[in-house]
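Colleague: Here it is: the structure, laid out below.
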Amino acid sequence: MASPPDTSKTTKLERYNSYIRKVNSTKLIAASSKLLFRVTLLVALLLIFFFTINYPPLTSEKTFNNNIHTTTHNLLSSTIYGGGASWEKQVRHSSTPHRPNGLSVLVTGAAGFVGSHCSLALKKRGDGVLGLDNFNSYYDPSLKRARQDQLTKHQIFIVEGDINDTELLKKLFDIVPFTHILHLAAQAGVRYAMQNPLSYVNSNVAGFVNLLEIAKAADPQPAIVWASSSSVYGLNTKVPFSEDHRTDQPASLYAATKKAGEAIAHTYNHIYGLSLTGLRFFTVYGPWGRPDMAYFFFTKDMIQGKSINVYVTQDDREVARDFTYIDDIVKGCVGALDTAEKSTGSGGKKRGPAQLRVYNLGNTSPVSVKKLVAILENLLNLKAKKNVIKMPRNGDVPFTHANVSLALRDFGYKPTTDLSSGLRKFVKWYVSYYGIQPRVKKANEGEK
Ligand SMILES: NC(=O)c1ccc[n+]([C@@H]2O[C@H](COP(=O)([O-])OP(=O)(O)OC[C@H]3O[C@@H](n4cnc5c(N)ncnc54)[C@H](O)[C@@H]3O)[C@@H](O)[C@H]2O)c1
């Protein structure tokens with residue numbers, strides 16, 4: 001009988017092979033998990049990179065404005081409005097002058113009170129006008145939309161966007177070689193600065209710088225006329241206020257941002273040769289006015305039978321303002337545009353000295369708030385319920401009075417509307433716009 005085959009060697013070999021297989025598969029698992037880890041890391045890094053370049057910074061405009069009233073988003077506005085051919089056509093058409101040597105003006109804040117009036121005046125005489133406004137809700141945006149409707153009727157297009165939107169501004173300057181910018185977009189109002197201070201820095205400082213950066217790089221560089229404010233005189237007590245009086249004691253953050261604007265204007269003029277004219281408006285009023293201003297909300301409250309707060313100073317003196325009618329302000333803005341010299345830089349480089357100006361635009365005759373109320377009582381044919389109280393320390397100044405001799409000398413600025421006549425026009429607009437009862441209309445019957 002044959003002896004059974006010796007299997008001990010085969011078994012050993014099989015055990016050895018199975019050991020090797022195990023080792024190999026463990027190595028394979030380790031290697032593939034390493035590969036998986038690296039691929040995941042790479043994908044994560046790619047995603048982070050993608051999100052960083054495509055998403056807005058954390059300090060997006062909305063956050064910066066404390067989420068209170070801005071509706072436009074930088075990326076959004078340029079994406080929506082910056083592309084289409086029909087949008088570009090509207091931009092071009094609106095900006096094209098219709099008279100020989102007409103101006104081509106970018107009006108920022110065109111849906112605002114002063115901006116809408118100036119845009120219409122320029123368009124009516126044949127200049128090209130393109131508006132820019134973010135339609136924020138600092139006050140009722142439906143009033144801004146109604147002003148926009150008026151402008152649309154006169155072929156003026158308002159681009160809905162923010163002056164902080166660099167891409168949008170670049171796009172506008174790529175399409176149109178603007179000769180001028182009338183820069184009126186700003187966070188206005190003295191008292192609101194205590195509630196939302198950053199909105200003032202965002203629009204009046206950062207937004208202004210952004211606009212100047214675009215203007216400095218444009219070729220040709222436009223000449224810029226922009227709205228400063230009588231509030232820069234702050235605690236100055238010398239009257240009437242002249243351009244060479246001190247402006248280093250602002251009484252509100254609003255005033256401080258306007259004063260900052262004047263300093264910034266000096267810098268851009270000095271370094272880049274931008275032609276810059278700052279206009280210090282004194283309490284502008286009139287039809288299509290601003291609902292946050294006293295003459296406006298006094299009218300509203302008086303009609304509604306509500307009481308109004310009439311301020312006196314801490315030492316019981318009357319508070320007075322150099323109320324200036326909108327048509328006079330418009331003439332001043334147009335005069336400043338017409339006498340603005342060309343900027344001297346190109347491609348961001350200064351080629352020679354450029355014009356730098358600051359003017360008061362006021363009415364030259366201050367009227368007390370008490371008198372303002374008396375005029376409104378007469379026009380509205382009713383008696384106001386007045387609370388006479390001391391002016392709170394919220395940034396308001398007790399008195400303003402403009403000396404306008406510089407503006408008279410340089411572009412013939414001469415205000416012609418007194419407060420009674422101007423308020424009569426305002427009340428007429430107010431009752432018609434808000435559809436108020438005949439009793440008020442009766443009081444305005446004498447008017448032409
Ligand atoms: N009305 C006055 O009595 C008076 C007095 C002194 C100075 N000013 C200045 O005159 C200018 C015009 O004032 P107004 O009374 O017409 O005010 P307004 O508020 O009616 O107009 C300003 C417009 O600018 C827009 N705007 C604000 N921030 C913007 C931004 N970041 N980007 C784009 N648009 C923006 C607003 O939506 C508004 O339509 C302002 O610069 C204001 O500070 C006005």
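Quick note on naming: the chains in the structure tokens go A, B, ... in the order shown, residues restart at 1 in each chain, and ligands are numbered from 1 in order of appearance.
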Taking only C-alpha atoms and all ligand atoms into account, which residues have an atom no farther than 7 Å from ligand 1? I'd like them as an MDAnalysis selection string.

Modeller: chainID A and resid 108:115 132:136 144 161:164 184:188 202:203 207 227:230 280:285 290

Colleague: For segment 358-368 of chain A, find every residue with an atom within 6 Å (counting only C-alpha atoms), except residues of its own chain fewer than 6 positions away, and show them as an mmCIF file with C-alpha atoms, in the first residue's frame.

Modeller:
```cif
data_model
loop_
_atom_site.group_PDB
_atom_site.id
_atom_site.type_symbol
_atom_site.label_atom_id
_atom_site.label_comp_id
_atom_site.auth_asym_id
_atom_site.auth_seq_id
_atom_site.Cartn_x
_atom_site.Cartn_y
_atom_site.Cartn_z
ATOM 1 C CA THR A 277 -17.595 121.751 -6.385
ATOM 2 C CA GLY A 278 -19.296 121.292 -3.005
ATOM 3 C CA LEU A 279 -22.659 123.014 -2.429
ATOM 4 C CA ARG A 280 -23.771 123.749 1.122
ATOM 5 C CA PHE A 281 -27.567 123.627 0.894
ATOM 6 C CA PHE A 282 -29.613 125.453 3.558
ATOM 7 C CA VAL A 319 -35.119 128.464 16.519
ATOM 8 C CA ALA A 320 -34.787 129.768 12.962
ATOM 9 C CA ARG A 321 -33.756 128.426 9.559
ATOM 10 C CA ASP A 322 -32.706 129.911 6.273
ATOM 11 C CA THR A 324 -34.519 127.766 0.678
ATOM 12 C CA HIS A 401 -28.267 132.049 7.808
ATOM 13 C CA ALA A 402 -26.425 131.964 4.480
ATOM 14 C CA VAL A 404 -24.375 133.640 -0.809
ATOM 15 C CA ALA A 407 -22.318 131.916 -5.574
ATOM 16 C CA PRO A 415 -32.742 133.216 -4.526
#
```

Colleague: Determine which residues of segment 110-184 of chain A DSSP labels as alpha helix (DSSP H) from the backbone of this structure, then write them out as a PyMOL selection string.

Modeller: chain A and resi 113-124+141-153+166-175

Colleague: If you run DSSP on this backbone, which residues of segment 90-320 of chain A come out as strand (DSSP E or B), and could you give them as number ranges by chain?

Modeller: A: 104-108, 128-133, 157-160, 180-183, 223-229, 241, 276-281, 284-285, 307-312, 318, 320

Colleague: Need to verify the contact set: His180 of chain A, 9 Å, only C-alpha atoms, exclusion of same-chain residues closer than 6 positions in sequence. Can you return it as a PyMOL selection string?

Modeller: chain A and resi 103-107+221-225+337+340+342

Colleague: What does the file look like for those residues with N, CA and C atoms, as an mmCIF file, in the first residue's frame?

Modeller:
```
data_model
loop_
_atom_site.group_PDB
_atom_site.id
_atom_site.type_symbol
_atom_site.label_atom_id
_atom_site.label_comp_id
_atom_site.auth_asym_id
_atom_site.auth_seq_id
_atom_site.Cartn_x
_atom_site.Cartn_y
_atom_site.Cartn_z
ATOM 1 N N LEU A 103 -24.617 118.787 -21.756
ATOM 2 C CA LEU A 103 -23.863 117.987 -20.797
ATOM 3 C C LEU A 103 -24.421 116.561 -20.773
ATOM 4 N N SER A 104 -23.587 115.660 -20.325
ATOM 5 C CA SER A 104 -24.056 114.303 -20.072
ATOM 6 C C SER A 104 -23.795 114.040 -18.586
ATOM 7 N N VAL A 105 -24.899 114.031 -17.811
ATOM 8 C CA VAL A 105 -24.747 114.083 -16.349
ATOM 9 C C VAL A 105 -25.242 112.808 -15.678
ATOM 10 N N LEU A 106 -24.415 112.243 -14.826
ATOM 11 C CA LEU A 106 -24.862 111.150 -13.957
ATOM 12 C C LEU A 106 -25.368 111.806 -12.671
ATOM 13 N N VAL A 107 -26.677 111.669 -12.393
ATOM 14 C CA VAL A 107 -27.238 112.282 -11.182
ATOM 15 C C VAL A 107 -27.453 111.177 -10.144
ATOM 16 N N GLN A 221 -12.135 112.188 -17.375
ATOM 17 C CA GLN A 221 -12.656 112.346 -16.010
ATOM 18 C C GLN A 221 -13.805 113.356 -16.042
ATOM 19 N N PRO A 222 -14.914 113.061 -15.357
ATOM 20 C CA PRO A 222 -16.002 114.051 -15.311
ATOM 21 C C PRO A 222 -15.688 115.151 -14.294
ATOM 22 N N ALA A 223 -16.388 116.286 -14.419
ATOM 23 C CA ALA A 223 -16.349 117.299 -13.357
ATOM 24 C C ALA A 223 -17.450 116.927 -12.366
ATOM 25 N N ILE A 224 -17.215 117.156 -11.078
ATOM 26 C CA ILE A 224 -18.190 116.705 -10.081
ATOM 27 C C ILE A 224 -18.725 117.879 -9.262
ATOM 28 N N VAL A 225 -20.061 117.950 -9.198
ATOM 29 C CA VAL A 225 -20.725 118.902 -8.311
ATOM 30 C C VAL A 225 -21.475 118.057 -7.290
ATOM 31 N N LEU A 337 -22.871 123.489 -12.223
ATOM 32 C CA LEU A 337 -22.485 122.544 -13.289
ATOM 33 C C LEU A 337 -21.947 123.311 -14.497
ATOM 34 N N ALA A 340 -18.482 124.656 -13.923
ATOM 35 C CA ALA A 340 -17.448 123.703 -13.491
ATOM 36 C C ALA A 340 -16.437 123.524 -14.624
ATOM 37 N N LYS A 342 -13.217 121.613 -16.556
ATOM 38 C CA LYS A 342 -12.922 120.192 -16.781
ATOM 39 C C LYS A 342 -11.917 119.683 -15.744
#
```

Colleague: From the set A:Lys153, A:Lys428, A:Arg191, A:Arg357, which residue has the shortest atom-to-atom contact distance to Leu376 of chain A, counting only C-alpha atoms?

Modeller: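 Closest residue, counting only C-alpha atoms: A:Lys428.
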